[in-house]
Structure formats: C-alpha cells, structure tokens
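See below for the structure under consideration.
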Amino acid sequence: MADMYARPLVLDASLTFTSPPLVDLLAYWNEKRLERTMPSRADIDPTDPAMRPHLGFIVLIDVIGRPPRFRFRLIGSKITEEVGRDSTGRWLDELYSPADYENMIVAYRWVVQNRAPMRITGNLRHANRAWLDMESLDLPLSSDGDTVDMILTRSVLSRAPR
C-alpha cells in the first residue's frame, strides 16, 4: 500500500477552521464541558439535534494505558463509506505500518498530553482509496474529568487533485 499520508499532517492548536461543521462541533463540545477542562463521553448525546449532522462523520477513539494505546471504538458510516472499510474495534498500531501509525497518532498524543482540542489538515490515501483532502477536529473526553480516555474526532473529507 502507498503511504497513507501524502504530506505531513498540519496540527493547528489555534483551531482556525475552514469547515463550518467543525466550528459547530467545537461549540457543542464547549457547551457540554461547562467549567471543566473537557466533557465526558456520557455528556455527548447522539440524540441531541445539534449532534445529528455529525453522526456519520464521527470517530471515537479509546485511549488506553500509559503510554497511551489507541483503539477505534466507533467509526461513522460516512467515514467507512469514504475510506472503504470499517475498522471499529481495531487497535491503530495493528492496522497501520509503524511509519503511518506514528504520523496518524501525533495529534492524538498532543490531545492526550494537553487535554485540549486540535485541528488537523492534510491529504491522505486511506485503504487504497483516492486522495482525500481532510480537515479534522480532535476533542478530548474524560470520564474522571482529568485523564483523557477517549478522543472524539470529526472529519470533513473532499477529493483532492492528484
């Protein structure tokens, strides 16, 4: 398989989005966290009308152990359609080559360490599909209010010229 990422991902902690759905989801996350550093998974209600437009594009990633290991808990149907596979329940370090894995989790590691949202842009080739431009938002979630134990990701994908 060709390298998953055509160019390094760009991490943007300033959260300067170009995609309105990511602005909306960040506002929802901020509303749910209240005065806390981050909300819990239980605070995110998939039946909430504000979440409906995002559901097919959401990925939930379990963060387990220290150093953290990452597992796909849930992958939205629109994402699985676009990339051509459903890796729900799979460990990321078992799915990807070591180089692709390290590129893929750099933002997740930042989110875990900083307990803050991150914007990611780049273009990628997933599961031998066409090149995709990507803008994503990674949001930390915590069941104890302190330790990131899940990351909620929302991506906006579009076809990139080759």
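All residue names refer to the structure tokens as shown: chains lettered A, B, ... in order, residues numbered from 1 in each chain, ligands numbered from 1 in order.
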Secondary structure check, alpha helix (DSSP H) residues of chain A, as a PyMOL selection string: chain A and resi 20-33+77-83+92-95+98-114
DSSP strand (DSSP E or B) selection over region 7-161 of chain A, as a PyMOL selection string: chain A and resi 10-12+58-64+69-75+91+118-124+132-141+150-159
Polymer residues at most 8 Å from region 70-87 of chain A, only C-alpha atoms, same-chain spacing of 5 or more positions, as a list in words: Leu55, Gly56, Phe57, Ile58, Val59, Leu60, Ile61, Asp62, Val63, Ile64, Leu92, Asp93, His126, Ala127 and Arg129 of chain A
Go ahead and write the selection's residues with N, CA and C atoms as a CSV table (one decimal), in the first residue's frame.
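Saved file part-v3.csv follows:
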```csv
chain,number,residue,atom,x,y,z
A,55,LEU,N,-23.1,12.8,13.0
A,55,LEU,CA,-23.1,11.3,13.4
A,55,LEU,C,-22.3,10.5,12.4
A,56,GLY,N,-22.6,10.6,11.1
A,56,GLY,CA,-21.9,9.7,10.1
A,56,GLY,C,-20.5,10.0,10.0
A,57,PHE,N,-20.0,11.1,10.5
A,57,PHE,CA,-18.6,11.6,10.3
A,57,PHE,C,-17.8,11.5,11.6
A,58,ILE,N,-18.4,10.9,12.7
A,58,ILE,CA,-17.7,10.9,14.0
A,58,ILE,C,-16.9,9.6,14.1
A,59,VAL,N,-15.7,9.7,14.7
A,59,VAL,CA,-14.9,8.6,15.1
A,59,VAL,C,-14.6,8.8,16.6
A,60,LEU,N,-14.8,7.7,17.3
A,60,LEU,CA,-14.5,7.7,18.8
A,60,LEU,C,-13.3,6.8,18.9
A,61,ILE,N,-12.2,7.3,19.6
A,61,ILE,CA,-11.0,6.5,19.8
A,61,ILE,C,-10.8,6.3,21.3
A,62,ASP,N,-10.7,5.1,21.7
A,62,ASP,CA,-10.3,4.8,23.1
A,62,ASP,C,-8.9,5.1,23.3
A,63,VAL,N,-8.6,5.7,24.4
A,63,VAL,CA,-7.2,6.0,24.9
A,63,VAL,C,-6.9,5.1,26.1
A,64,ILE,N,-6.1,4.1,25.9
A,64,ILE,CA,-5.9,3.1,27.0
A,64,ILE,C,-4.4,3.0,27.4
A,92,LEU,N,-5.1,0.8,16.5
A,92,LEU,CA,-4.5,1.5,15.4
A,92,LEU,C,-3.1,1.0,15.1
A,93,ASP,N,-2.3,0.6,16.1
A,93,ASP,CA,-1.0,0.1,15.9
A,93,ASP,C,-1.0,-1.3,15.2
A,126,HIS,N,-6.4,6.6,2.1
A,126,HIS,CA,-6.9,5.6,3.1
A,126,HIS,C,-7.3,4.3,2.4
A,127,ALA,N,-6.9,3.2,2.8
A,127,ALA,CA,-7.4,1.9,2.4
A,127,ALA,C,-7.4,1.8,0.8
A,129,ARG,N,-7.9,4.1,-1.3
A,129,ARG,CA,-8.9,4.9,-2.0
A,129,ARG,C,-8.2,6.1,-2.6
```
Listing only residues of region 53-129 of chain A within 12 Å of region 25-36 of chain A, what is the closest atom pair and its distance in Å (to one decimal) for each, using only C-alpha atoms, sorted by chain and residue number ascending, as a tab-separated table?
```
residue	atom	partner	partner_atom	distance
A:Pro53	CA	A:Leu25	CA	9.5
A:His54	CA	A:Leu25	CA	7.8
A:Leu55	CA	A:Leu25	CA	10.7
A:Phe57	CA	A:Leu25	CA	11.2
A:Ile58	CA	A:Leu25	CA	10.2
A:Arg115	CA	A:Arg36	CA	10.9
A:Ala116	CA	A:Asn30	CA	10.8
A:Pro117	CA	A:Leu26	CA	8.2
A:Met118	CA	A:Leu26	CA	10.0
A:Arg119	CA	A:Leu26	CA	10.2
```
